[in-house]
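Participant: Data file protein.csv (CSV, N, CA and C atoms) is appended below.
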```
chain,number,residue,atom,x,y,z
F,1212,MET,N,-1.4,26.7,-24.1
F,1212,MET,CA,-1.3,25.6,-25.0
F,1212,MET,C,-2.6,24.9,-25.2
F,1213,ASP,N,-3.1,24.7,-26.4
F,1213,ASP,CA,-4.3,24.0,-26.6
F,1213,ASP,C,-4.1,22.5,-26.5
F,1214,THR,N,-4.7,21.9,-25.5
F,1214,THR,CA,-4.6,20.5,-25.3
F,1214,THR,C,-5.8,19.7,-25.7
F,1215,SER,N,-6.7,20.4,-26.5
F,1215,SER,CA,-7.9,19.7,-27.0
F,1215,SER,C,-7.7,18.9,-28.2
F,1216,LYS,N,-6.5,19.0,-28.8
F,1216,LYS,CA,-6.2,18.3,-30.0
F,1216,LYS,C,-4.9,17.5,-29.8
F,1217,PRO,N,-4.7,16.3,-30.3
F,1217,PRO,CA,-3.5,15.6,-30.1
F,1217,PRO,C,-2.3,16.3,-30.6
F,1218,ALA,N,-1.2,16.1,-29.9
F,1218,ALA,CA,0.1,16.8,-30.3
F,1218,ALA,C,0.8,16.1,-31.4
F,1219,GLU,N,0.5,14.8,-31.6
F,1219,GLU,CA,1.2,14.1,-32.6
F,1219,GLU,C,0.2,13.2,-33.3
F,1220,ALA,N,0.6,12.7,-34.5
F,1220,ALA,CA,-0.3,11.9,-35.3
F,1220,ALA,C,-0.7,10.7,-34.6
F,1221,GLY,N,0.1,10.2,-33.6
F,1221,GLY,CA,-0.3,9.0,-32.9
F,1221,GLY,C,-1.4,9.2,-31.9
F,1222,GLY,N,-2.0,10.4,-31.8
F,1222,GLY,CA,-3.1,10.7,-30.9
F,1222,GLY,C,-2.7,11.0,-29.5
F,1223,SER,N,-1.5,11.4,-29.2
F,1223,SER,CA,-1.2,11.8,-27.9
F,1223,SER,C,-1.2,13.3,-27.7
F,1224,PHE,N,-1.2,13.7,-26.4
F,1224,PHE,CA,-1.2,15.1,-26.0
F,1224,PHE,C,0.1,15.4,-25.4
F,1225,PRO,N,0.5,16.7,-25.2
F,1225,PRO,CA,1.7,17.0,-24.6
F,1225,PRO,C,1.7,16.5,-23.1
F,1226,GLY,N,2.8,16.1,-22.7
F,1226,GLY,CA,3.0,15.6,-21.3
F,1226,GLY,C,3.4,14.2,-21.2
F,1227,TYR,N,4.1,13.8,-20.1
F,1227,TYR,CA,4.7,12.5,-20.0
F,1227,TYR,C,4.8,12.3,-18.5
F,1228,VAL,N,4.6,11.0,-18.0
F,1228,VAL,CA,4.8,10.7,-16.6
F,1228,VAL,C,5.5,9.4,-16.5
F,1229,ASP,N,6.3,9.3,-15.4
F,1229,ASP,CA,6.8,8.0,-15.0
F,1229,ASP,C,6.0,7.6,-13.8
F,1230,ILE,N,5.6,6.3,-13.8
F,1230,ILE,CA,4.8,5.8,-12.7
F,1230,ILE,C,5.6,4.6,-12.1
F,1231,TYR,N,5.8,4.6,-10.8
F,1231,TYR,CA,6.5,3.6,-10.1
F,1231,TYR,C,5.6,3.0,-9.0
F,1232,LEU,N,5.6,1.6,-9.0
F,1232,LEU,CA,4.8,0.9,-8.0
F,1232,LEU,C,5.9,0.1,-7.1
F,1233,LEU,N,5.8,0.3,-5.8
F,1233,LEU,CA,6.8,-0.4,-5.0
F,1233,LEU,C,6.2,-0.8,-3.6
F,1234,PRO,N,6.2,-2.1,-3.3
F,1234,PRO,CA,5.8,-2.5,-2.0
F,1234,PRO,C,6.8,-2.1,-0.9
F,1235,VAL,N,6.4,-1.6,0.2
F,1235,VAL,CA,7.3,-1.1,1.2
F,1235,VAL,C,6.8,-1.7,2.6
F,1236,PRO,N,7.8,-2.3,3.3
F,1236,PRO,CA,7.4,-2.8,4.6
F,1236,PRO,C,6.8,-1.7,5.5
F,1237,GLU,N,5.7,-2.1,6.2
F,1237,GLU,CA,5.0,-1.1,7.0
F,1237,GLU,C,5.9,-0.5,8.0
F,1238,ASN,N,6.8,-1.3,8.6
F,1238,ASN,CA,7.7,-0.8,9.6
F,1238,ASN,C,8.8,0.2,9.1
F,1239,ASN,N,8.9,0.3,7.8
F,1239,ASN,CA,9.9,1.2,7.1
F,1239,ASN,C,9.2,2.3,6.4
F,1240,LEU,N,7.9,2.5,6.6
F,1240,LEU,CA,7.1,3.5,5.8
F,1240,LEU,C,7.6,4.9,6.1
F,1241,GLU,N,7.9,5.2,7.3
F,1241,GLU,CA,8.4,6.6,7.6
F,1241,GLU,C,9.8,6.8,7.0
F,1242,ALA,N,10.7,5.8,7.0
F,1242,ALA,CA,12.0,6.0,6.4
F,1242,ALA,C,11.8,6.1,4.9
F,1243,TYR,N,10.9,5.3,4.3
F,1243,TYR,CA,10.6,5.4,2.9
F,1243,TYR,C,10.1,6.8,2.5
F,1244,ARG,N,9.2,7.3,3.3
F,1244,ARG,CA,8.6,8.7,3.1
F,1244,ARG,C,9.8,9.7,3.0
F,1245,GLY,N,10.8,9.6,3.9
F,1245,GLY,CA,11.9,10.5,3.8
F,1245,GLY,C,12.7,10.3,2.5
F,1246,GLN,N,12.9,9.1,2.1
F,1246,GLN,CA,13.7,8.9,0.9
F,1246,GLN,C,12.8,9.4,-0.3
F,1247,ALA,N,11.5,9.1,-0.3
F,1247,ALA,CA,10.7,9.6,-1.4
F,1247,ALA,C,10.6,11.1,-1.5
F,1248,THR,N,10.6,11.7,-0.3
F,1248,THR,CA,10.6,13.2,-0.3
F,1248,THR,C,11.9,13.7,-0.9
F,1249,THR,N,13.0,13.1,-0.5
F,1249,THR,CA,14.3,13.5,-1.0
F,1249,THR,C,14.3,13.3,-2.6
F,1250,PHE,N,13.9,12.2,-3.0
F,1250,PHE,CA,13.9,11.9,-4.4
F,1250,PHE,C,13.0,12.9,-5.2
F,1251,GLY,N,11.8,13.1,-4.7
F,1251,GLY,CA,10.9,14.1,-5.3
F,1251,GLY,C,11.5,15.5,-5.3
F,1252,THR,N,12.1,15.9,-4.3
F,1252,THR,CA,12.7,17.2,-4.2
F,1252,THR,C,13.8,17.4,-5.2
F,1253,VAL,N,14.7,16.3,-5.3
F,1253,VAL,CA,15.7,16.4,-6.3
F,1253,VAL,C,15.2,16.4,-7.7
F,1254,ALA,N,14.2,15.6,-8.0
F,1254,ALA,CA,13.6,15.5,-9.3
F,1254,ALA,C,13.0,16.9,-9.7
F,1255,LYS,N,12.3,17.5,-8.8
F,1255,LYS,CA,11.8,18.9,-9.1
F,1255,LYS,C,12.9,19.9,-9.3
F,1256,GLU,N,13.9,19.8,-8.5
F,1256,GLU,CA,15.0,20.8,-8.6
F,1256,GLU,C,15.7,20.6,-10.0
F,1257,HIS,N,15.7,19.4,-10.5
F,1257,HIS,CA,16.3,19.2,-11.8
F,1257,HIS,C,15.3,19.3,-13.0
F,1258,GLY,N,14.1,19.7,-12.7
F,1258,GLY,CA,13.2,20.1,-13.8
F,1258,GLY,C,11.9,19.3,-13.9
F,1259,ALA,N,11.7,18.3,-13.1
F,1259,ALA,CA,10.4,17.6,-13.1
F,1259,ALA,C,9.3,18.6,-12.8
F,1260,LEU,N,8.1,18.5,-13.4
F,1260,LEU,CA,7.0,19.4,-13.2
F,1260,LEU,C,6.3,19.1,-11.9
F,1261,SER,N,6.2,17.9,-11.5
F,1261,SER,CA,5.6,17.5,-10.2
F,1261,SER,C,6.1,16.1,-9.8
F,1262,TYR,N,5.9,15.8,-8.5
F,1262,TYR,CA,6.3,14.5,-8.0
F,1262,TYR,C,5.3,14.3,-6.8
F,1263,ARG,N,4.6,13.2,-6.9
F,1263,ARG,CA,3.6,12.8,-5.9
F,1263,ARG,C,3.8,11.3,-5.6
F,1264,GLU,N,3.6,11.0,-4.3
F,1264,GLU,CA,3.6,9.6,-3.8
F,1264,GLU,C,2.2,9.3,-3.3
F,1265,PHE,N,1.8,8.1,-3.5
F,1265,PHE,CA,0.4,7.6,-3.1
F,1265,PHE,C,0.6,6.3,-2.3
F,1266,LEU,N,-0.3,6.1,-1.4
F,1266,LEU,CA,-0.3,4.8,-0.6
F,1266,LEU,C,-1.6,4.1,-0.9
F,1267,GLY,N,-1.4,2.8,-1.4
F,1267,GLY,CA,-2.6,2.0,-1.8
F,1267,GLY,C,-3.5,1.7,-0.7
F,1268,ASP,N,-4.8,1.9,-0.9
F,1268,ASP,CA,-5.7,1.5,0.2
F,1268,ASP,C,-7.0,0.8,-0.3
F,1269,ASP,N,-7.1,0.7,-1.6
F,1269,ASP,CA,-8.3,-0.1,-2.2
F,1269,ASP,C,-7.7,-0.7,-3.5
F,1270,LEU,N,-7.0,-1.9,-3.3
F,1270,LEU,CA,-6.3,-2.5,-4.4
F,1270,LEU,C,-7.0,-3.7,-4.9
F,1271,ASP,N,-6.9,-3.9,-6.2
F,1271,ASP,CA,-7.4,-5.1,-6.9
F,1271,ASP,C,-6.6,-6.3,-6.3
F,1272,ASP,N,-7.3,-7.4,-6.3
F,1272,ASP,CA,-6.7,-8.7,-5.8
F,1272,ASP,C,-5.4,-9.0,-6.6
F,1273,LYS,N,-5.3,-8.6,-7.8
F,1273,LYS,CA,-4.2,-8.9,-8.7
F,1273,LYS,C,-2.9,-8.1,-8.3
F,1274,LEU,N,-3.1,-7.1,-7.5
F,1274,LEU,CA,-2.0,-6.3,-7.0
F,1274,LEU,C,-1.6,-6.9,-5.7
F,1275,GLU,N,-0.9,-8.0,-5.7
F,1275,GLU,CA,-0.6,-8.7,-4.5
F,1275,GLU,C,0.6,-8.0,-3.8
F,1276,VAL,N,0.4,-7.9,-2.5
F,1276,VAL,CA,1.4,-7.3,-1.6
F,1276,VAL,C,1.5,-8.2,-0.4
F,1277,ARG,N,2.7,-8.6,-0.1
F,1277,ARG,CA,2.9,-9.5,1.1
F,1277,ARG,C,2.4,-8.9,2.4
F,1278,ASP,N,2.1,-9.8,3.3
F,1278,ASP,CA,1.7,-9.3,4.6
F,1278,ASP,C,2.8,-8.5,5.2
F,1279,GLY,N,2.4,-7.4,5.8
F,1279,GLY,CA,3.3,-6.5,6.5
F,1279,GLY,C,3.9,-5.4,5.5
F,1280,GLU,N,3.4,-5.4,4.2
F,1280,GLU,CA,3.8,-4.4,3.3
F,1280,GLU,C,2.7,-3.6,2.8
F,1281,LEU,N,3.0,-2.4,2.3
F,1281,LEU,CA,2.0,-1.5,1.7
F,1281,LEU,C,2.5,-1.1,0.3
F,1282,LEU,N,1.6,-1.0,-0.6
F,1282,LEU,CA,1.9,-0.6,-2.0
F,1282,LEU,C,2.0,0.9,-2.1
F,1283,THR,N,3.1,1.4,-2.6
F,1283,THR,CA,3.2,2.8,-2.9
F,1283,THR,C,3.2,3.0,-4.4
F,1284,ALA,N,2.8,4.2,-4.8
F,1284,ALA,CA,2.8,4.6,-6.2
F,1284,ALA,C,3.3,6.0,-6.3
F,1285,ALA,N,4.3,6.2,-7.1
F,1285,ALA,CA,4.9,7.5,-7.4
F,1285,ALA,C,4.6,7.9,-8.8
F,1286,VAL,N,4.2,9.2,-9.0
F,1286,VAL,CA,4.0,9.7,-10.3
F,1286,VAL,C,4.8,11.0,-10.4
F,1287,VAL,N,5.7,11.0,-11.5
F,1287,VAL,CA,6.6,12.1,-11.8
F,1287,VAL,C,6.2,12.6,-13.1
F,1288,GLU,N,5.9,13.9,-13.2
F,1288,GLU,CA,5.4,14.5,-14.4
F,1288,GLU,C,6.5,15.3,-15.1
F,1289,PHE,N,6.5,15.2,-16.5
F,1289,PHE,CA,7.5,15.9,-17.3
F,1289,PHE,C,6.8,16.5,-18.5
F,1290,GLU,N,7.5,17.3,-19.2
F,1290,GLU,CA,6.9,17.9,-20.5
F,1290,GLU,C,6.8,16.9,-21.6
F,1291,SER,N,7.8,16.0,-21.7
F,1291,SER,CA,7.9,15.0,-22.8
F,1291,SER,C,8.8,13.9,-22.3
F,1292,ARG,N,8.9,12.9,-23.2
F,1292,ARG,CA,9.9,11.8,-22.9
F,1292,ARG,C,11.3,12.3,-22.9
F,1293,ALA,N,11.6,13.2,-23.9
F,1293,ALA,CA,13.0,13.7,-24.0
F,1293,ALA,C,13.3,14.5,-22.7
F,1294,HIS,N,12.3,15.3,-22.2
F,1294,HIS,CA,12.5,16.1,-21.0
F,1294,HIS,C,12.7,15.1,-19.8
F,1295,ARG,N,11.9,14.0,-19.7
F,1295,ARG,CA,12.1,13.0,-18.7
F,1295,ARG,C,13.5,12.5,-18.7
F,1296,ASP,N,14.0,12.1,-19.9
F,1296,ASP,CA,15.3,11.5,-20.0
F,1296,ASP,C,16.4,12.5,-19.5
F,1297,GLU,N,16.2,13.8,-19.9
F,1297,GLU,CA,17.2,14.8,-19.5
F,1297,GLU,C,17.2,15.0,-17.9
F,1298,VAL,N,16.0,15.1,-17.4
F,1298,VAL,CA,15.8,15.3,-15.9
F,1298,VAL,C,16.3,14.1,-15.2
F,1299,MET,N,15.9,12.9,-15.6
F,1299,MET,CA,16.3,11.7,-14.8
F,1299,MET,C,17.8,11.4,-14.9
F,1300,ASP,N,18.5,11.8,-16.0
F,1300,ASP,CA,19.9,11.7,-16.0
F,1300,ASP,C,20.6,12.5,-14.9
F,1301,LYS,N,20.1,13.7,-14.8
F,1301,LYS,CA,20.6,14.6,-13.7
F,1301,LYS,C,20.2,14.1,-12.3
F,1302,VAL,N,19.0,13.6,-12.2
F,1302,VAL,CA,18.6,13.1,-10.9
F,1302,VAL,C,19.5,11.9,-10.4
F,1303,MET,N,19.7,11.0,-11.3
F,1303,MET,CA,20.4,9.8,-11.0
F,1303,MET,C,21.9,10.0,-10.7
F,1304,GLU,N,22.4,11.2,-11.2
F,1304,GLU,CA,23.8,11.6,-10.9
F,1304,GLU,C,23.9,12.5,-9.6
F,1305,ASP,N,22.8,13.0,-9.1
F,1305,ASP,CA,22.8,13.8,-8.0
F,1305,ASP,C,23.3,13.1,-6.7
F,1306,PRO,N,24.2,13.7,-6.0
F,1306,PRO,CA,24.8,13.0,-4.8
F,1306,PRO,C,23.8,12.5,-3.8
F,1307,ARG,N,22.7,13.2,-3.6
F,1307,ARG,CA,21.6,12.8,-2.6
F,1307,ARG,C,21.0,11.5,-3.1
F,1308,VAL,N,20.8,11.3,-4.4
F,1308,VAL,CA,20.2,10.1,-4.9
F,1308,VAL,C,21.3,9.0,-4.9
F,1309,THR,N,22.5,9.3,-5.4
F,1309,THR,CA,23.5,8.2,-5.4
F,1309,THR,C,23.8,7.7,-4.0
F,1310,GLU,N,23.7,8.5,-3.0
F,1310,GLU,CA,23.9,8.1,-1.6
F,1310,GLU,C,22.7,7.2,-1.2
F,1311,MET,N,21.5,7.5,-1.6
F,1311,MET,CA,20.4,6.6,-1.2
F,1311,MET,C,20.5,5.3,-1.9
F,1312,VAL,N,20.8,5.3,-3.2
F,1312,VAL,CA,20.9,4.1,-4.0
F,1312,VAL,C,22.0,3.2,-3.4
F,1313,GLY,N,23.1,3.8,-3.0
F,1313,GLY,CA,24.3,3.0,-2.5
F,1313,GLY,C,24.2,2.7,-1.0
F,1314,GLY,N,23.2,3.3,-0.3
F,1314,GLY,CA,23.0,3.0,1.1
F,1314,GLY,C,22.2,1.8,1.4
F,1315,GLU,N,21.8,1.8,2.7
F,1315,GLU,CA,21.0,0.6,3.2
F,1315,GLU,C,19.6,0.7,2.5
F,1316,GLN,N,19.2,-0.4,2.0
F,1316,GLN,CA,17.9,-0.5,1.3
F,1316,GLN,C,16.8,-0.8,2.3
F,1317,ILE,N,15.8,0.0,2.3
F,1317,ILE,CA,14.7,-0.2,3.3
F,1317,ILE,C,13.6,-1.0,2.8
F,1318,THR,N,13.7,-1.3,1.5
F,1318,THR,CA,12.7,-2.2,0.8
F,1318,THR,C,13.4,-3.0,-0.3
F,1319,ASP,N,12.7,-4.0,-0.8
F,1319,ASP,CA,13.2,-4.8,-1.8
F,1319,ASP,C,13.0,-4.1,-3.2
F,1320,MET,N,14.0,-3.4,-3.7
F,1320,MET,CA,13.9,-2.6,-4.9
F,1320,MET,C,13.6,-3.5,-6.1
F,1321,SER,N,13.9,-4.8,-6.1
F,1321,SER,CA,13.7,-5.7,-7.2
F,1321,SER,C,12.2,-5.9,-7.4
F,1322,GLN,N,11.4,-5.5,-6.4
F,1322,GLN,CA,9.9,-5.6,-6.5
F,1322,GLN,C,9.3,-4.4,-7.2
F,1323,MET,N,10.1,-3.3,-7.5
F,1323,MET,CA,9.6,-2.1,-8.1
F,1323,MET,C,9.2,-2.4,-9.6
F,1324,ARG,N,8.0,-1.9,-9.9
F,1324,ARG,CA,7.6,-1.9,-11.3
F,1324,ARG,C,7.4,-0.5,-11.8
F,1325,TYR,N,7.8,-0.2,-13.0
F,1325,TYR,CA,7.7,1.2,-13.4
F,1325,TYR,C,7.7,1.3,-14.9
F,1326,GLY,N,7.3,2.5,-15.4
F,1326,GLY,CA,7.2,2.7,-16.8
F,1326,GLY,C,7.0,4.2,-17.1
F,1327,GLY,N,7.2,4.6,-18.3
F,1327,GLY,CA,7.0,5.9,-18.8
F,1327,GLY,C,5.7,5.9,-19.6
F,1328,PHE,N,4.9,6.9,-19.5
F,1328,PHE,CA,3.6,7.0,-20.2
F,1328,PHE,C,3.4,8.4,-20.8
F,1329,GLN,N,3.0,8.3,-22.1
F,1329,GLN,CA,2.7,9.5,-22.9
F,1329,GLN,C,1.2,9.8,-22.6
F,1330,THR,N,0.9,11.1,-22.4
F,1330,THR,CA,-0.5,11.5,-22.2
F,1330,THR,C,-1.3,11.1,-23.4
F,1331,PHE,N,-2.4,10.4,-23.1
F,1331,PHE,CA,-3.3,9.8,-24.1
F,1331,PHE,C,-4.7,10.5,-24.1
F,1332,VAL,N,-5.2,10.9,-23.0
F,1332,VAL,CA,-6.5,11.6,-22.9
F,1332,VAL,C,-6.3,12.7,-21.9
F,1333,ASN,N,-6.8,13.9,-22.4
F,1333,ASN,CA,-6.7,15.1,-21.5
F,1333,ASN,C,-7.9,15.9,-21.8
F,1334,PRO,N,-9.0,15.6,-21.2
F,1334,PRO,CA,-10.3,16.3,-21.5
F,1334,PRO,C,-10.3,17.7,-21.1
```
Spit out the file's structure as structure tokens when you get a sec.
Facilitator:
Amino acid sequence: MDTSKPAEAGGSFPGYVDIYLLPVPENNLEAYRGQATTFGTVAKEHGALSYREFLGDDLDDKLEVRDGELLTAAVVEFESRAHRDEVMDKVMEDPRVTEMVGGEQITDMSQMRYGGFQTFVNP
């Protein structure tokens, strides 16, 4: 596929990602790693192209994280927004994910910030 030209008149290229930012208590980091691994595995099984988690270590002052917490960032890659919607519908219905969502929360999920992003630059 030629990605040197925009896929749509709006100037975007093929591809779509969801990005999630979530502060996690340091003492729950290993438990969170397990949950993130499960979530990523499920997402890939249902069609996500990739899933990666990152741990913040050089953050702007405006990315405030409480003492004792670390900022995580997850990036999930899809073919398109429609593909994301299809995959995430399946992910959120998967018993492994519904069990996590309904189980003990190891971090304050209300602190999660997320969004979907269309590829804009692909040199």
Participant: Could you check the closest approach to Gly1226 of chain F for each of F:Gln1316, F:Asp1269, F:Val1308, F:Phe1289 and tell me which residue wins, using only N, CA and C atoms?
Facilitator: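 Result for the nearest residue to Gly1226 of chain F: F:Phe1289.
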Participant: From the set F:Gly1251, F:Pro1234, F:Pro1225, F:Gly1245, which residue has the shortest atom-to-atom contact distance to Gln1322 of chain F, counting only C-alpha atoms?
Facilitator: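 Closest to Gln1322 of chain F of all the choices is F:Pro1234.
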Participant: Identify which of the residues F:Thr1318, F:Gln1246, F:Asn1238, F:Ser1261 lies closest to Val1287 of chain F, counting only N, CA and C atoms when measuring atom-to-atom distances.
Facilitator: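 Between F:Thr1318, F:Gln1246, F:Asn1238, F:Ser1261, the residue approaching Val1287 of chain F most closely is F:Ser1261.
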Participant: For atom C of Val1332 of chain F and atom CA of Leu1260 of chain F, determine how far apart the two atoms are, in Å to one decimal place.
Facilitator: 17.2 Å
Participant: Which residues are close to Pro1236 of chain F, i.e. within 8 Å by only N, CA and C atoms, leaving aside same-chain residues fewer than 5 positions away? Reply as a PyMOL selection string.
Facilitator: chain F and resi 1241+1278-1282+1317-1319
Participant: Please provide the set of residues having any atom within 7 Å of Leu1232 of chain F, restricted to only C-alpha atoms, with same-chain residues fewer than 4 positions apart removed, written as number ranges by chain.
Facilitator: F: 1282-1285, 1323-1325
Participant: What is the distance between atom C of Arg1277 of chain F and atom CA of Glu1237 of chain F, in Å to one decimal?
Facilitator: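 Pair atom C of Arg1277 of chain F / atom CA of Glu1237 of chain F returns 9.4 Å.
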Participant: Using only C-alpha atoms, determine which residues lie at most 12 Å from Lys1301 of chain F, disregarding the query and same-chain residues fewer than 5 positions distant; provide the list as a VMD selection string.
Facilitator: chain F and resid 1250 1253 to 1259 1294 to 1296 1306 to 1309
Participant: So, with all atoms listed in the file as the atoms that count, which of F:Met1311, F:Val1302, F:Ala1293, F:Val1276 lies closest to Tyr1227 of chain F?
Facilitator: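 When distances to Tyr1227 of chain F are compared using all atoms listed in the file, the smallest one comes from F:Ala1293.
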Participant: So which residues of segment 1219-1314 of chain F fall under helix (DSSP H, G or I) by DSSP, listed as an NGL selection string?
Facilitator: :F and (1237-1256 or 1292-1304 or 1306-1313)
Participant: Just how far from atom N of Ser1321 of chain F is atom C of Val1298 of chain F, in Å to one decimal?
Facilitator: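 For atom C of Val1298 of chain F relative to atom N of Ser1321 of chain F, the distance reads 21.1 Å.
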Participant: Taking only chain F into account, list the residues labelled strand (DSSP E or B) by DSSP (computed from the backbone), as an MDAnalysis selection string.
Facilitator: chainID F and resid 1227:1236 1261:1266 1280:1289 1324:1329
Participant: Restricting the calculation to only C-alpha atoms: of F:Leu1233, F:Val1286, F:Met1320, F:Ala1247, which residue gets closest to Gly1267 of chain F?
Facilitator: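 Under the stated criterion, the closest residue is F:Leu1233.
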Participant: Looking at only C-alpha atoms, which of F:Pro1334, F:Phe1224, F:Gly1326, F:Thr1252 is the one that sits closest to Asp1305 of chain F?
Facilitator: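 Smallest separation from Asp1305 of chain F among the options: F:Thr1252.
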